[in-house]
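Coordinates from target_29.cif are shown below (mmCIF, C-alpha atoms).
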```cif
data_run
loop_
_atom_site.label_atom_id
_atom_site.label_comp_id
_atom_site.auth_asym_id
_atom_site.auth_seq_id
_atom_site.Cartn_x
_atom_site.Cartn_y
_atom_site.Cartn_z
CA TYR A 872 14.20 24.99 -6.05
CA GLY A 873 12.92 25.31 -9.57
CA SER A 874 10.69 23.96 -12.27
CA VAL A 875 11.10 20.37 -13.46
CA GLY A 876 12.39 20.28 -17.02
CA GLY A 877 13.35 23.93 -16.75
CA GLY A 878 9.87 25.27 -17.38
CA THR A 879 6.19 24.51 -17.64
CA GLY A 880 6.27 23.73 -21.34
CA SER A 881 5.28 20.46 -23.00
CA ASN A 882 8.55 18.72 -22.00
CA ALA A 883 8.15 19.40 -18.27
CA VAL A 884 7.41 16.61 -15.79
CA ALA A 885 4.24 17.26 -13.83
CA ILE A 886 2.15 15.57 -11.15
CA TYR A 887 -1.60 16.16 -10.89
CA ASN A 888 -3.76 15.76 -7.79
CA ALA A 889 -7.31 14.34 -7.78
CA LYS A 890 -8.73 17.83 -8.50
CA GLY A 891 -6.57 18.25 -11.62
CA VAL A 892 -4.17 20.77 -10.07
CA MET A 893 -0.72 20.48 -11.67
CA PHE A 894 2.52 20.52 -9.67
CA HIS A 895 5.74 21.06 -11.58
CA SER A 896 8.13 22.67 -9.08
CA TRP A 897 10.87 20.62 -7.48
CA VAL A 898 13.42 20.84 -4.71
CA ASP A 899 16.83 19.20 -4.53
CA ALA A 900 17.66 17.75 -1.09
CA GLN A 901 21.43 18.01 -0.59
CA PRO A 902 22.12 15.76 1.27
CA PHE A 903 19.19 13.41 1.94
CA THR A 904 19.44 10.98 4.86
CA LEU A 905 17.05 8.18 5.80
CA GLY A 906 18.22 6.17 8.81
CA SER A 907 21.84 5.28 8.11
CA MET A 908 21.50 5.71 4.34
CA ARG A 909 22.60 8.94 2.76
CA THR A 910 22.67 10.32 -0.75
CA ASN A 911 24.21 13.61 -1.76
CA HIS A 912 21.28 14.69 -3.85
CA LEU A 913 17.65 13.61 -4.24
CA GLN A 914 14.97 15.53 -6.13
CA PHE A 915 11.37 15.87 -4.93
CA VAL A 916 8.35 17.32 -6.73
CA VAL A 917 6.66 19.91 -4.47
CA THR A 918 2.92 19.10 -4.02
CA ASP A 919 0.13 19.53 -1.49
CA PHE A 920 -0.17 15.72 -1.04
CA PRO A 921 1.50 15.22 2.36
CA ASN A 922 -0.88 15.22 5.30
CA PRO A 923 -0.42 17.93 7.94
CA GLY A 924 2.50 17.00 10.17
CA SER A 925 4.21 15.05 7.39
CA GLY A 926 7.21 16.45 5.57
CA GLY A 927 6.56 14.53 2.37
CA ILE A 928 5.80 11.25 0.64
CA LEU A 929 8.30 8.65 -0.51
CA SER A 930 6.80 6.57 -3.32
CA ALA A 931 7.12 2.81 -3.66
CA GLY A 932 9.51 3.45 -6.55
CA PHE A 933 11.95 5.02 -4.08
CA PHE A 934 12.28 1.65 -2.32
CA GLN A 935 12.73 -0.54 -5.42
CA LYS A 936 16.48 -0.76 -4.81
CA TYR A 937 16.06 -2.24 -1.31
CA ASP A 938 14.51 -5.19 0.51
CA ILE A 939 12.06 -3.82 3.06
CA ASP A 940 10.53 -5.14 6.28
CA LEU A 941 7.29 -3.62 7.58
CA ASN A 942 6.80 -4.58 11.24
CA PHE A 943 3.33 -3.24 12.02
CA ALA A 944 3.21 -4.57 15.58
CA ALA A 945 6.43 -2.81 16.57
CA HIS A 946 5.78 0.28 14.37
CA ARG A 947 9.12 -0.30 12.64
CA PHE A 948 10.26 0.00 9.06
CA ASN A 949 13.58 -1.61 8.08
CA MET A 950 15.46 -1.40 4.80
CA PHE A 951 18.16 -3.82 3.68
CA ALA A 952 20.70 -3.74 0.89
CA PRO A 953 19.61 -6.32 -1.70
CA ASP A 954 23.01 -8.07 -1.61
CA HIS A 955 22.44 -9.78 1.78
CA CYS A 956 23.21 -13.49 2.23
CA GLU A 957 20.74 -15.70 0.35
CA GLY A 958 17.96 -16.89 2.63
CA GLN A 959 19.19 -14.80 5.59
CA VAL A 960 16.57 -12.04 5.59
CA LEU A 961 14.44 -13.32 8.49
CA TYR A 962 16.14 -11.94 11.62
CA TRP A 963 13.23 -12.36 14.06
CA ARG A 964 11.29 -15.33 15.42
CA ALA A 965 7.78 -15.70 14.05
CA PRO A 966 5.14 -18.42 14.45
CA ALA A 967 4.58 -18.38 10.68
CA VAL A 968 6.19 -16.71 7.71
CA ALA A 969 4.89 -16.42 4.17
CA LYS A 970 7.19 -16.23 1.20
CA LEU A 971 4.75 -14.65 -1.17
CA PRO A 972 5.06 -13.90 -4.87
CA PHE A 973 3.60 -10.53 -5.82
CA ARG A 974 3.11 -8.27 -8.80
CA PHE A 975 4.27 -4.67 -8.63
CA ARG A 976 2.48 -2.48 -11.15
CA ASN A 977 1.52 1.20 -11.11
CA GLY A 978 2.94 1.58 -7.60
CA GLN A 979 0.75 -1.20 -6.15
CA ILE A 980 1.72 -4.54 -4.61
CA THR A 981 -0.81 -7.22 -5.61
CA VAL A 982 -0.85 -10.70 -4.04
CA ARG A 983 -3.10 -13.77 -4.15
CA VAL A 984 -5.15 -14.34 -0.97
CA THR A 985 -7.87 -16.74 0.08
CA ILE A 986 -10.93 -15.46 1.95
CA ASP A 987 -13.25 -18.17 3.26
CA GLY A 988 -12.00 -20.60 0.63
CA ARG A 989 -12.22 -18.20 -2.34
CA GLU A 990 -8.96 -17.19 -4.02
CA MET A 991 -8.61 -13.62 -5.32
CA ASP A 992 -6.16 -10.77 -5.87
CA ALA A 993 -5.56 -8.28 -3.07
CA VAL A 994 -3.63 -5.02 -3.00
CA ILE A 995 -1.36 -4.41 -0.01
CA ASP A 996 -1.93 -0.76 0.90
CA THR A 997 -0.10 0.24 4.08
CA GLY A 998 -1.56 3.75 3.87
CA LEU A 999 -5.17 2.63 4.28
CA PRO A 1000 -6.42 2.53 7.89
CA ARG A 1001 -8.75 -0.44 7.30
CA SER A 1002 -9.07 -3.56 5.15
CA GLU A 1003 -11.69 -3.37 2.43
CA LEU A 1004 -13.53 -5.63 0.01
CA GLN A 1005 -15.48 -4.08 -2.83
CA PHE A 1006 -19.23 -4.81 -2.92
CA ASP A 1007 -18.88 -6.20 -6.46
CA ASP A 1008 -16.46 -8.87 -5.20
CA ALA A 1009 -18.45 -9.48 -2.00
CA ASP A 1010 -21.51 -10.15 -4.18
CA SER A 1011 -19.82 -12.29 -6.85
CA PHE A 1012 -17.74 -14.42 -4.42
CA PHE A 1013 -20.00 -14.56 -1.35
CA TYR A 1014 -23.45 -13.23 -2.42
CA LEU A 1015 -23.15 -10.46 0.17
CA GLY A 1016 -24.94 -7.12 -0.06
CA PRO A 1017 -25.95 -4.38 2.39
CA ASN A 1018 -29.01 -6.37 3.54
CA SER A 1019 -27.31 -9.78 3.84
CA PRO A 1020 -27.26 -11.56 7.22
CA GLY A 1021 -24.11 -10.67 9.18
CA VAL A 1022 -23.46 -7.44 7.25
CA THR A 1023 -23.40 -4.54 9.71
CA ARG A 1024 -23.57 -0.79 9.27
CA GLU A 1025 -20.75 1.05 11.00
CA GLY A 1026 -20.83 4.50 12.59
CA ASN A 1027 -19.20 6.08 9.55
CA GLY A 1028 -22.04 4.87 7.29
CA LEU A 1029 -20.00 2.07 5.72
CA TYR A 1030 -20.93 -1.60 5.77
CA ALA A 1031 -18.72 -4.39 7.12
CA TYR A 1032 -18.63 -8.15 7.45
CA ASN A 1033 -16.61 -10.54 9.63
CA PHE A 1034 -15.29 -13.36 7.46
CA GLY A 1035 -14.04 -16.70 8.79
CA GLY A 1036 -10.44 -16.40 7.61
CA LEU A 1037 -8.03 -14.67 5.28
CA ALA A 1038 -4.93 -16.65 4.26
CA PHE A 1039 -1.88 -15.87 2.15
CA GLY A 1040 1.24 -17.81 1.36
CA SER A 1041 1.58 -21.06 3.24
CA GLY A 1042 0.90 -21.03 6.95
CA VAL A 1043 -0.24 -17.43 7.51
CA GLU A 1044 -3.92 -16.95 8.32
CA ILE A 1045 -5.89 -14.13 9.89
CA TYR A 1046 -8.94 -15.43 11.74
CA ASN A 1047 -12.23 -13.52 11.62
CA PRO A 1048 -10.98 -10.58 9.54
CA HIS A 1049 -13.26 -7.55 9.71
CA LEU A 1050 -13.54 -6.19 6.16
CA VAL A 1051 -15.27 -2.94 5.26
CA LEU A 1052 -17.45 -3.33 2.17
CA THR A 1053 -16.97 -0.47 -0.26
CA HIS A 1054 -17.96 0.58 -3.73
CA SER A 1055 -15.28 0.81 -6.39
CA ALA A 1056 -12.51 3.31 -5.74
CA LEU A 1057 -13.41 5.22 -8.92
CA ALA A 1058 -16.96 5.66 -7.68
CA ARG A 1059 -15.58 7.15 -4.44
CA GLY A 1060 -13.63 9.69 -6.47
CA ALA A 1061 -10.19 8.30 -5.62
CA ASN A 1062 -7.56 6.69 -7.78
CA SER A 1063 -7.97 2.96 -8.32
#
```

Final structure tokens representation of the file:
Amino acid sequence: YGSVGGGTGSNAVAIYNAKGVMFHSWVDAQPFTLGSMRTNHLQFVVTDFPNPGSGGILSAGFFQKYDIDLNFAAHRFNMFAPDHCEGQVLYWRAPAVAKLPFRFRNGQITVRVTIDGREMDAVIDTGLPRSELQFDDADSFFYLGPNSPGVTREGNGLYAYNFGGLAFGSGVEIYNPHLVLTHSALARGANS
């Protein structure tokens, strides 16, 4: 346990939370095990970010060396070595599968989706408990605002709309997706 970079000087690595509090202490996990994978040493910055009941946060960068499978229905997360047999990743039966190009930038996975016939970028955020569409996009693509027909006010004070369909890749479509309409993330005081 110590200070990243050996001190809090200008060369030290630091992480800041949304309130501007700096974290520069680290811990070295010796060993670190995740499932059947093990490393003899992995460093973590010590922050107040993890939610109560959580031991920590593994960033998307941690998983860049692996192929991952997120099975939301079964509440399972699988990791695969990237040197598996070409084309042999799909190990389950599914009615439809999308092979989807994406951009990975600033820790976010961005894909192209189609909502009610309009193509746009979407960020896959597995940490968010709901699917959202910003009011700016709802207005420019669909002319939807808080007083538009079909827009409802939910118990938490947010607005929502049931669209006809959300599609991505070829052959995967979600019918009647319920999207919460929000203002920009910066206006809500969170990171974009």

Written as a PyMOL selection string, what is the full residue list that the PyMOL selection byres ((chain A and resi 1007-1012) around 10) yields on the file shown? chain A and resi 986-991+1004-1006+1013-1017+1019+1032+1052-1055

Considering only C-alpha atoms, can you say which of A:Tyr937, A:Tyr1030, A:Tyr1046, A:Phe1039 comes closest to Met908 of chain A?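 Comparing A:Tyr937, A:Tyr1030, A:Tyr1046, A:Phe1039 against Met908 of chain A, the winner is A:Tyr937.
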
Report, in Å to a single decimal, how far apart atom CA of Ser1002 of chain A and atom CA of Pro1048 of chain A are.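 Atom CA of Pro1048 of chain A sits 8.5 Å away from atom CA of Ser1002 of chain A.
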
Could you check how far atom CA of Val917 of chain A sits from atom CA of Trp897 of chain A, in Å to one decimal? 5.2 Å

In Å, rounded to a single decimal, give me how far atom CA of Asn922 of chain A is from atom CA of Val892 of chain A. 16.7 Å

Residues near Val994 of chain A, anyone? I mean within 8 Å using only C-alpha atoms, not counting same-chain ones fewer than 2 positions away, as a PyMOL selection string. chain A and resi 979-982+992+996

Ranking A:Lys936, A:Val984, A:Leu1050, A:Ala945 by minimum distance to Arg1024 of chain A and counting only C-alpha atoms, which one comes first?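 Among the listed residues, A:Leu1050 lies closest to Arg1024 of chain A.
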
Would you please work out which residue, of A:Lys890, A:His895, A:Arg983, A:His912, is nearest to Ser1041 of chain A when using all atoms listed in the file?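 Going through A:Lys890, A:His895, A:Arg983, A:His912 one by one, the smallest distance to Ser1041 of chain A is for A:Arg983.
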
Near Asp938 of chain A, within 9 Å and counting all atoms listed in the file, which residues show up once chain neighbours fewer than 4 positions away are dropped, as JSON, numbers by chain? {"A": [934, 949, 950, 951, 952, 953, 960]}

From A:Phe1034, A:Tyr887, A:Phe933, A:Phe903, residue lying nearest Thr918 of chain A [all atoms listed in the file]: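 Comparing A:Phe1034, A:Tyr887, A:Phe933, A:Phe903 against Thr918 of chain A, the winner is A:Tyr887.
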
Go through A:Pro1020, A:Arg909, A:Ala900, A:Gly932 and flag the residue nearest Arg976 of chain A, using all atoms listed in the file for the distances.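 Of A:Pro1020, A:Arg909, A:Ala900, A:Gly932, the one nearest Arg976 of chain A, counting all atoms listed in the file, is A:Gly932.
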
Counting all atoms listed in the file, which residues sit no farther than 6 Å from the position (-9.1, -13.7, 9.4) in the file's frame? I'd like them as a list in words. Gly1035, Gly1036, Leu1037, Ile1045, Tyr1046, Asn1047 and Pro1048 of chain A

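If only C-alpha atoms are the atoms counted, then among A:Leu999, A:Asp940, A:Ala885, A:Met893 the closest residue to Phe915 of chain A is A:Ala885.
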